[in-house]
Amino acid sequence: MEHVPQGEPGISGFLCWLTDRIAYHGGRPVVPGTPIAECGLDSVAMLSLFGDIEEKCGSLIGPEDMWACPTVRDLAHRLVVCGTPAVGGRRIRVAFVFGGQGGQHPGMAGGLYRDSATYRACLGRFDEMLRPCLGRSVVESALGRCPDTEDTALSQSALFAVGCALAQTLLDAGVRPVAVLGHGMGELTAAAVAGAVPFADAARLVVLRGASVQRLPEGGGMLAVCVGPYEAAEAAACEPGVSIGAVNAARATVLSGTLDGLERVRDRLARDGVLSRFLPVRYAFHSPLMEPVVPELRAAAEQFGGAVPRLPYYSAVHGRQSAEPLGAAYWAQHITSPVRFADAVREMLHRHAPTHVVEIGPRPVLTPFVRRIGGPDGPRCLPVCQGPQSDAVDLAGVLSELDAGPLAESTVRW
């Protein structure tokens with residue numbers, strides 16, 4: 001069954017309508033493959049086109065989102081995905097949130113690997129991408145019961161492969177995200193899913209990133225503290241080697257820096273009754289201590305450049321939606337900048353109003369933060385994988401909630 005905004009009789013019919021309106025406002029003939037930038041649409045024409053779309057389809061996207069679509073066909077696809085109705089009068093609008101470093105554990109997604117042929121095949125494909133750069137199978141690392149996942153170079157590659165495979169499993173089942181957002185290293189997975197970085201290039205960058213960090217001297221870490229960013233910054237003010245590494249939600253801040261500095265901050269906070277805990281990482285990610293990695297990372301990223309995301313992409317570097325190319329400058333800034341996750345989530349919930357936010361990673365880490373930010377009237381938050389025990393039955397439950405899979409009543413086909 002095909003669905004388009006406001007009950008259009010078929011996707012092909014909607015594409016013809018959109019092509020005709022763009023040709024009218026641009027004053028020149030266009031075809032589905034014509035780049036939006038070559039359609040002759042100035043700012044006035046684009047606003048007029050937006051008015052036509054809003055009148056026909058409702059408020060699905062903003063005017064600025066239209067420029068982020070490479071072609072007429074891509075714009076039609078975006079509108080169809082955003083306007084796909086769900087069963088029972090609800091409109092399913094799914095956002096993907098990708099976890100990063102810290103979600104790793106032995107046996108990652110082991111139950112799904114055992115029970116789901118789709119996930120198993122997807123993980124195998126990403127394993128093939130990573131193996132030439134990594135020199136070993138990431139599947140063995142992800143599924144193993146040994147402490148391989150504590151190795152930064154290996155754990156980042158394993159997390160990337162598992163995240164990509166989980167996302168591809170959902171995409172293969174018909175789930176179409178209206179927006180994507182990544183936390184820390186999860187931004188690379190989100191960028192690949194959004195089409196801003198080819199999967200193979202993202203895989204090479206992940207391996208290089210992990211290996212470069214692995215060569216840094218140990219002695220860094222990250223400390224999660226139950227205070228807001230201003231209180232956290234005040235607590236760390238007398239520690240030059242400590243800075244804010246992430247702001248995840250209200251009273252959920254992460255400090256990043258030298259271990260001795262973090263321990264002193266922890267002790268000071270404990271005297272004031274503030275809870276804190278060290279994260280399972282060996283380095284001060286998203287802090288100035290990552291600066292030695294930047295030149296090598298930038299040089300590697302320059303080899304493939306970066307494209308404009310084809311899906312609405314929420315940057316945790318900027319804390320907002322980004323329609324700019326995700327190139328070398330972005331990934332160089334990414335590893336040293338704080339993760340503005342809370343800001344990015346708030347804007348994503350406000351601008352794209354997802355009914356469901358799916359955390360994509362080997363276990364739920366970000367879901368509690370998204371629930372807290374969304375509040376009681378916020379979206380339904382679902383981790384696609386609860387841990388190594390999650391199996392095909394659990395996956396089927398997630399797909400059912402998203403009205404996806406072989407028995408779905410509304411599946412977008414393009």
# chains A, B, ... in the order shown; residues from 1 in each chain; ligands from 1
>>> select_by_dssp(residues="range 339-398 of chain A", states="alpha helix (DSSP H)", output="list in words")
Phe341, Ala342, Asp343, Ala344, Val345, Arg346, Glu347, Met348, Leu349, His350, Arg351, His352, Thr367, Pro368, Phe369, Val370, Arg371, Arg372, Ile373, Gly374, Ala392, Val393, Asp394, Leu395, Ala396, Gly397 and Val398 of chain A
>>> write_last_selection(atoms="C-alpha atoms", output="compact mmCIF listing (two decimals), in the first residue's frame")
# COMPACT_ATOMS: atom_id res chain seq x y z
CA PHE A 341 22.97 16.68 22.84
CA ALA A 342 20.24 18.32 24.93
CA ASP A 343 20.07 21.38 22.65
CA ALA A 344 19.94 19.22 19.52
CA VAL A 345 17.18 17.00 20.97
CA ARG A 346 15.07 19.97 22.02
CA GLU A 347 15.22 21.52 18.57
CA MET A 348 14.56 18.19 16.85
CA LEU A 349 11.48 17.56 18.99
CA HIS A 350 10.24 21.09 18.37
CA ARG A 351 10.86 21.30 14.62
CA HIS A 352 10.11 17.76 13.47
CA THR A 367 16.64 7.04 25.89
CA PRO A 368 16.27 8.31 29.49
CA PHE A 369 17.66 11.71 28.46
CA VAL A 370 15.30 12.01 25.48
CA ARG A 371 12.34 11.06 27.69
CA ARG A 372 13.34 13.66 30.24
CA ILE A 373 13.67 16.38 27.59
CA GLY A 374 10.42 15.41 25.87
CA ALA A 392 13.99 -11.23 17.08
CA VAL A 393 10.80 -11.14 19.15
CA ASP A 394 11.87 -7.86 20.73
CA LEU A 395 12.76 -6.47 17.30
CA ALA A 396 9.33 -7.48 16.00
CA GLY A 397 7.75 -5.55 18.87
CA VAL A 398 9.68 -2.40 17.93
>>> residues_around(residues="range 193-207 of chain A", least_positions_apart="5", cutoff="9 Å", atoms="only C-alpha atoms", output="ChimeraX atom specification")
/A:126,129-130,133-134,153-154,156-157,160-161,164,167-168,179-180,185,188,212,297,300-301,303-313,325-327
>>> closest_atom_pairs(of="range 295-390 of chain A", to="range 115-125 of chain A", cutoff="12 Å", atoms="only C-alpha atoms", output="tab-separated table")
residue	atom	partner	partner_atom	distance
A:Val384	CA	A:Tyr119	CA	11.7
A:Cys385	CA	A:Tyr119	CA	11.5
A:Pro388	CA	A:Asp115	CA	11.6
A:Gln389	CA	A:Asp115	CA	10.7
A:Ser390	CA	A:Asp115	CA	9.5
>>> atom_distance(atom1="CA of Pro240 in chain A", atom2="CA of Asp260 in chain A")
11.3 Å
>>> select_by_dssp(residues="range 39-227 of chain A", states="strand (DSSP E or B)", output="list in words")
Thr71, Val94, Ala95, Phe96, Val97, Phe98, Pro177, Val178, Ala179, Val180, Leu181, Gly182, Gly220, Gly221, Met222, Leu223, Ala224 and Val225 of chain A
>>> write_last_selection(atoms="N, CA, C and O atoms", output="PDB file, in the first residue's frame")
ATOM      1  N   THR A  71      17.491  16.878  -5.215  1.00  0.00           N
ATOM      2  CA  THR A  71      16.718  16.882  -6.449  1.00  0.00           C
ATOM      3  C   THR A  71      15.224  16.985  -6.160  1.00  0.00           C
ATOM      4  O   THR A  71      14.786  16.867  -5.009  1.00  0.00           O
ATOM      5  N   VAL A  94       9.213   8.971  12.837  1.00  0.00           N
ATOM      6  CA  VAL A  94      10.300   8.337  13.587  1.00  0.00           C
ATOM      7  C   VAL A  94      11.581   9.147  13.455  1.00  0.00           C
ATOM      8  O   VAL A  94      11.971   9.531  12.346  1.00  0.00           O
ATOM      9  N   ALA A  95      12.225   9.415  14.566  1.00  0.00           N
ATOM     10  CA  ALA A  95      13.565   9.999  14.572  1.00  0.00           C
ATOM     11  C   ALA A  95      14.545   8.956  15.078  1.00  0.00           C
ATOM     12  O   ALA A  95      14.226   8.204  16.004  1.00  0.00           O
ATOM     13  N   PHE A  96      15.706   8.885  14.461  1.00  0.00           N
ATOM     14  CA  PHE A  96      16.773   7.980  14.886  1.00  0.00           C
ATOM     15  C   PHE A  96      17.774   8.757  15.741  1.00  0.00           C
ATOM     16  O   PHE A  96      18.225   9.836  15.343  1.00  0.00           O
ATOM     17  N   VAL A  97      18.138   8.199  16.886  1.00  0.00           N
ATOM     18  CA  VAL A  97      19.186   8.757  17.739  1.00  0.00           C
ATOM     19  C   VAL A  97      20.247   7.685  17.921  1.00  0.00           C
ATOM     20  O   VAL A  97      19.947   6.578  18.378  1.00  0.00           O
ATOM     21  N   PHE A  98      21.486   8.007  17.553  1.00  0.00           N
ATOM     22  CA  PHE A  98      22.571   7.033  17.548  1.00  0.00           C
ATOM     23  C   PHE A  98      23.504   7.258  18.740  1.00  0.00           C
ATOM     24  O   PHE A  98      24.033   8.353  18.928  1.00  0.00           O
ATOM     25  N   PRO A 177      13.206   7.393   8.787  1.00  0.00           N
ATOM     26  CA  PRO A 177      13.331   8.471   9.775  1.00  0.00           C
ATOM     27  C   PRO A 177      13.053   9.833   9.162  1.00  0.00           C
ATOM     28  O   PRO A 177      13.423  10.107   8.015  1.00  0.00           O
ATOM     29  N   VAL A 178      12.398  10.699   9.945  1.00  0.00           N
ATOM     30  CA  VAL A 178      12.192  12.079   9.518  1.00  0.00           C
ATOM     31  C   VAL A 178      13.349  12.955   9.968  1.00  0.00           C
ATOM     32  O   VAL A 178      13.477  14.104   9.510  1.00  0.00           O
ATOM     33  N   ALA A 179      14.203  12.451  10.856  1.00  0.00           N
ATOM     34  CA  ALA A 179      15.372  13.195  11.318  1.00  0.00           C
ATOM     35  C   ALA A 179      16.332  12.212  11.981  1.00  0.00           C
ATOM     36  O   ALA A 179      15.920  11.147  12.455  1.00  0.00           O
ATOM     37  N   VAL A 180      17.619  12.585  12.006  1.00  0.00           N
ATOM     38  CA  VAL A 180      18.632  11.758  12.667  1.00  0.00           C
ATOM     39  C   VAL A 180      19.505  12.649  13.537  1.00  0.00           C
ATOM     40  O   VAL A 180      19.695  13.829  13.266  1.00  0.00           O
ATOM     41  N   LEU A 181      20.029  12.027  14.586  1.00  0.00           N
ATOM     42  CA  LEU A 181      20.871  12.729  15.554  1.00  0.00           C
ATOM     43  C   LEU A 181      21.823  11.719  16.160  1.00  0.00           C
ATOM     44  O   LEU A 181      21.422  10.606  16.493  1.00  0.00           O
ATOM     45  N   GLY A 182      23.087  12.086  16.291  1.00  0.00           N
ATOM     46  CA  GLY A 182      24.057  11.196  16.907  1.00  0.00           C
ATOM     47  C   GLY A 182      24.709  11.832  18.114  1.00  0.00           C
ATOM     48  O   GLY A 182      24.845  13.055  18.194  1.00  0.00           O
ATOM     49  N   GLY A 220      43.281  10.171  30.874  1.00  0.00           N
ATOM     50  CA  GLY A 220      42.099  10.999  30.703  1.00  0.00           C
ATOM     51  C   GLY A 220      40.845  10.203  30.993  1.00  0.00           C
ATOM     52  O   GLY A 220      40.879   8.972  31.107  1.00  0.00           O
ATOM     53  N   GLY A 221      39.741  10.894  31.113  1.00  0.00           N
ATOM     54  CA  GLY A 221      38.483  10.207  31.378  1.00  0.00           C
ATOM     55  C   GLY A 221      37.318  11.159  31.261  1.00  0.00           C
ATOM     56  O   GLY A 221      37.466  12.332  30.884  1.00  0.00           O
ATOM     57  N   MET A 222      36.132  10.651  31.591  1.00  0.00           N
ATOM     58  CA  MET A 222      34.911  11.443  31.535  1.00  0.00           C
ATOM     59  C   MET A 222      34.080  11.133  32.779  1.00  0.00           C
ATOM     60  O   MET A 222      33.976   9.980  33.191  1.00  0.00           O
ATOM     61  N   LEU A 223      33.518  12.178  33.366  1.00  0.00           N
ATOM     62  CA  LEU A 223      32.784  12.058  34.623  1.00  0.00           C
ATOM     63  C   LEU A 223      31.372  12.599  34.430  1.00  0.00           C
ATOM     64  O   LEU A 223      31.186  13.779  34.099  1.00  0.00           O
ATOM     65  N   ALA A 224      30.376  11.750  34.613  1.00  0.00           N
ATOM     66  CA  ALA A 224      28.977  12.183  34.547  1.00  0.00           C
ATOM     67  C   ALA A 224      28.573  12.750  35.904  1.00  0.00           C
ATOM     68  O   ALA A 224      28.761  12.103  36.940  1.00  0.00           O
ATOM     69  N   VAL A 225      28.023  13.966  35.898  1.00  0.00           N
ATOM     70  CA  VAL A 225      27.656  14.638  37.139  1.00  0.00           C
ATOM     71  C   VAL A 225      26.187  15.061  37.084  1.00  0.00           C
ATOM     72  O   VAL A 225      25.675  15.442  36.034  1.00  0.00           O
TER      73      VAL A 225
END
>>> closest_residue(among="A:Phe278, A:Tyr230, A:Tyr113, A:Trp67", to="Glu38 in chain A", atoms="only C-alpha atoms")
A:Trp67
>>> residues_around(residues="range 33-37 of chain A", least_positions_apart="6", cutoff="10 Å", atoms="only C-alpha atoms", output="list of chain:residue names")
A:Thr19, A:Ile22, A:Met66, A:Trp67, A:Ala68, A:Cys69, A:Pro70, A:Thr71, A:Val72, A:Arg73, A:Asp74, A:Leu75
>>> residues_around(residues="Glu218 in chain A", least_positions_apart="2", cutoff="7 Å", atoms="only C-alpha atoms", output="PDB file with C-alpha atoms, in the first residue's frame")
ATOM      1  CA  LEU A 216      47.344   9.199  23.012  1.00  0.00           C
ATOM      2  CA  GLY A 220      42.099  10.999  30.703  1.00  0.00           C
ATOM      3  CA  ARG A 282      39.980   5.742  28.865  1.00  0.00           C
ATOM      4  CA  TYR A 283      40.349   9.112  27.194  1.00  0.00           C
TER       5      TYR A 283
END
>>> residues_around(residues="range 284-287 of chain A", least_positions_apart="5", cutoff="6 Å", atoms="only C-alpha atoms", output="number ranges by chain")
A: 220-222, 245, 256-257, 335-338
>>> write_last_selection(atoms="N, CA and C atoms", output="short mmCIF file (atom, residue, chain, number, x, y, z; two decimals), in the first residue's frame")
data_model
loop_
_atom_site.label_atom_id
_atom_site.label_comp_id
_atom_site.auth_asym_id
_atom_site.auth_seq_id
_atom_site.Cartn_x
_atom_site.Cartn_y
_atom_site.Cartn_z
N GLY A 220 43.28 10.17 30.87
CA GLY A 220 42.10 11.00 30.70
C GLY A 220 40.84 10.20 30.99
N GLY A 221 39.74 10.89 31.11
CA GLY A 221 38.48 10.21 31.38
C GLY A 221 37.32 11.16 31.26
N MET A 222 36.13 10.65 31.59
CA MET A 222 34.91 11.44 31.53
C MET A 222 34.08 11.13 32.78
N GLY A 245 32.30 18.11 28.61
CA GLY A 245 32.38 17.23 27.46
C GLY A 245 31.05 16.95 26.81
N SER A 256 34.99 16.29 31.05
CA SER A 256 36.02 15.54 30.35
C SER A 256 37.38 16.16 30.65
N GLY A 257 38.38 15.33 30.89
CA GLY A 257 39.71 15.88 31.18
C GLY A 257 40.64 14.87 31.81
N ILE A 335 35.60 16.19 17.39
CA ILE A 335 36.28 15.38 18.41
C ILE A 335 36.75 16.22 19.60
N THR A 336 36.85 17.54 19.43
CA THR A 336 37.30 18.38 20.54
C THR A 336 36.17 19.19 21.18
N SER A 337 35.01 19.26 20.52
CA SER A 337 33.92 20.11 21.01
C SER A 337 33.01 19.36 21.97
N PRO A 338 32.39 20.07 22.90
CA PRO A 338 31.40 19.42 23.77
C PRO A 338 30.22 18.91 22.95
#
>>> residues_around(residues="Ala232 in chain A", least_positions_apart="5", cutoff="12 Å", atoms="only C-alpha atoms", output="list of chain:residue names")
A:Leu223, A:Ala224, A:Val225, A:Cys226, A:Val227, A:Ala237, A:Cys238, A:Glu239, A:Val242, A:Ser243, A:Ile244, A:Gly245, A:Ala246, A:Val247, A:Ala250, A:Arg251, A:Ala252, A:Thr253, A:Val254, A:Leu255, A:Ser256, A:Leu262, A:Val265, A:Arg266, A:Arg268, A:Leu269, A:Val274, A:Leu275, A:Ser276
>>> residues_around(residues="Gly100 in chain A", least_positions_apart="2", cutoff="6 Å", atoms="only C-alpha atoms", output="list in words")
His183, Gly184, Met185 and Gly186 of chain A
>>> atom_distance(atom1="CA of Gln333 in chain A", atom2="CA of Asp65 in chain A")
23.9 Å
>>> atom_distance(atom1="CA of Ala142 in chain A", atom2="CA of Val358 in chain A")
20.9 Å
>>> closest_residue(among="A:Ala165, A:Glu359, A:Gln101, A:Arg91", to="Asp127 in chain A", atoms="only C-alpha atoms")
A:Ala165
